[in-house]
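The structure appears right after this line, and notes come after that.
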Amino acid sequence: MWPELVGKNGEEAKQTILRENHVVKLVVIYKQDAIYLDDFCCNRVRIFVDKNGKVSSYPHIPMVG
């Protein structure tokens, strides 16, 4: 989890995640109200940004169970 990225620029947050966790292979940036497929992928992180491109909720690797 990266709660410290809330409020940061989405692209900067993406680079931070890729740098800090080598298991993560894909970081996708969505608008906070986007519709997306809620499938599980353990090496993908979704970043949700507001209209100003700032991270609106903390990015995390999804958990199963």
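Ordering of the structure tokens sets the chain letters (A, B, ...), residue numbers begin anew at 1 in every chain, and ligands are numbered from 1 in the order given.
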What's the 10 Å shell around Lys14 in chain A, counting only C-alpha atoms, without same-chain residues fewer than 5 positions away, as a list of chain:residue names?
->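 So, after excluding close chain neighbours, the residues are A:Leu5, A:Asn9, A:Arg19, A:Leu26, A:Val27, A:Val28, A:Ile29, A:Val45, A:Arg46, A:Ile47, A:Val55, A:Pro59.
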Mind checking DSSP for chain A and telling me the helix (DSSP H, G or I) residues as a ChimeraX atom specification?
-> /A:3-5,10-20
CA of Asn52 in chain A and CA of Val23 in chain A are how many Å apart?
->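 The value is 28.5 Å.
Proximity ranking of A:Asp38, A:Pro3, A:Val24, A:Gly10 relative to Gly53 in chain A places A:Gly10 first, based on only C-alpha atoms.
Running DSSP on the backbone gives strand (DSSP E) for these residues within chain A: Leu26, Val27, Val28, Ile29, Tyr30, Lys31, Arg44, Val45, Arg46, Ile47, Phe48 and Val49 of chain A.
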May I ask for the distance between CA of Lys8 in chain A and CA of Lys54 in chain A, given in Å to one decimal place?
->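 It comes out at 5.2 Å.
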Distance query Met63 in chain A at most 10 Å, only C-alpha atoms, self and fewer than 4 positions along chain excluded, as a PyMOL selection string = chain A and resi 40-42
Just how far from CA of Val6 in chain A is CA of Phe48 in chain A, in Å to one decimal?
-> 9.4 Å
Do a neighbour search on Trp2 in chain A at 10 Å with only C-alpha atoms, toss out local chain neighbours closer than 5 positions, and write the hits as a list in words.
->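 Counting only the stated atoms, we get Ala13, Thr16, Ile17, Glu20, Ser57, Tyr58, Pro59, His60 and Ile61 of chain A.
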Take the residues that were just selected and, keeping N, CA and C atoms, output them as a PDB file, in the first residue's frame.
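Everything below was put into result-v9.pdb:
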```
ATOM      1  N   ALA A  13       3.366   9.155  -8.924  1.00  0.00           N
ATOM      2  CA  ALA A  13       2.988   8.016  -8.083  1.00  0.00           C
ATOM      3  C   ALA A  13       3.290   6.707  -8.804  1.00  0.00           C
ATOM      4  N   THR A  16       6.959   5.989  -8.619  1.00  0.00           N
ATOM      5  CA  THR A  16       7.327   5.590  -7.253  1.00  0.00           C
ATOM      6  C   THR A  16       6.996   4.123  -7.015  1.00  0.00           C
ATOM      7  N   ILE A  17       5.800   3.704  -7.413  1.00  0.00           N
ATOM      8  CA  ILE A  17       5.378   2.317  -7.212  1.00  0.00           C
ATOM      9  C   ILE A  17       6.280   1.361  -7.980  1.00  0.00           C
ATOM     10  N   GLU A  20       9.658   1.140  -6.202  1.00  0.00           N
ATOM     11  CA  GLU A  20       9.671   0.547  -4.866  1.00  0.00           C
ATOM     12  C   GLU A  20       9.282  -0.931  -4.829  1.00  0.00           C
ATOM     13  N   SER A  57      -7.183   8.139  -4.030  1.00  0.00           N
ATOM     14  CA  SER A  57      -7.300   7.080  -3.024  1.00  0.00           C
ATOM     15  C   SER A  57      -6.004   6.286  -3.048  1.00  0.00           C
ATOM     16  N   TYR A  58      -5.666   5.672  -1.918  1.00  0.00           N
ATOM     17  CA  TYR A  58      -4.336   5.071  -1.859  1.00  0.00           C
ATOM     18  C   TYR A  58      -4.209   3.853  -2.775  1.00  0.00           C
ATOM     19  N   PRO A  59      -3.145   3.826  -3.572  1.00  0.00           N
ATOM     20  CA  PRO A  59      -2.893   2.683  -4.442  1.00  0.00           C
ATOM     21  C   PRO A  59      -2.452   1.475  -3.621  1.00  0.00           C
ATOM     22  N   HIS A  60      -2.852   0.289  -4.049  1.00  0.00           N
ATOM     23  CA  HIS A  60      -2.452  -0.933  -3.353  1.00  0.00           C
ATOM     24  C   HIS A  60      -2.516  -2.120  -4.303  1.00  0.00           C
ATOM     25  N   ILE A  61      -1.799  -3.165  -3.954  1.00  0.00           N
ATOM     26  CA  ILE A  61      -1.857  -4.419  -4.699  1.00  0.00           C
ATOM     27  C   ILE A  61      -3.090  -5.159  -4.198  1.00  0.00           C
TER      28      ILE A  61
END
```
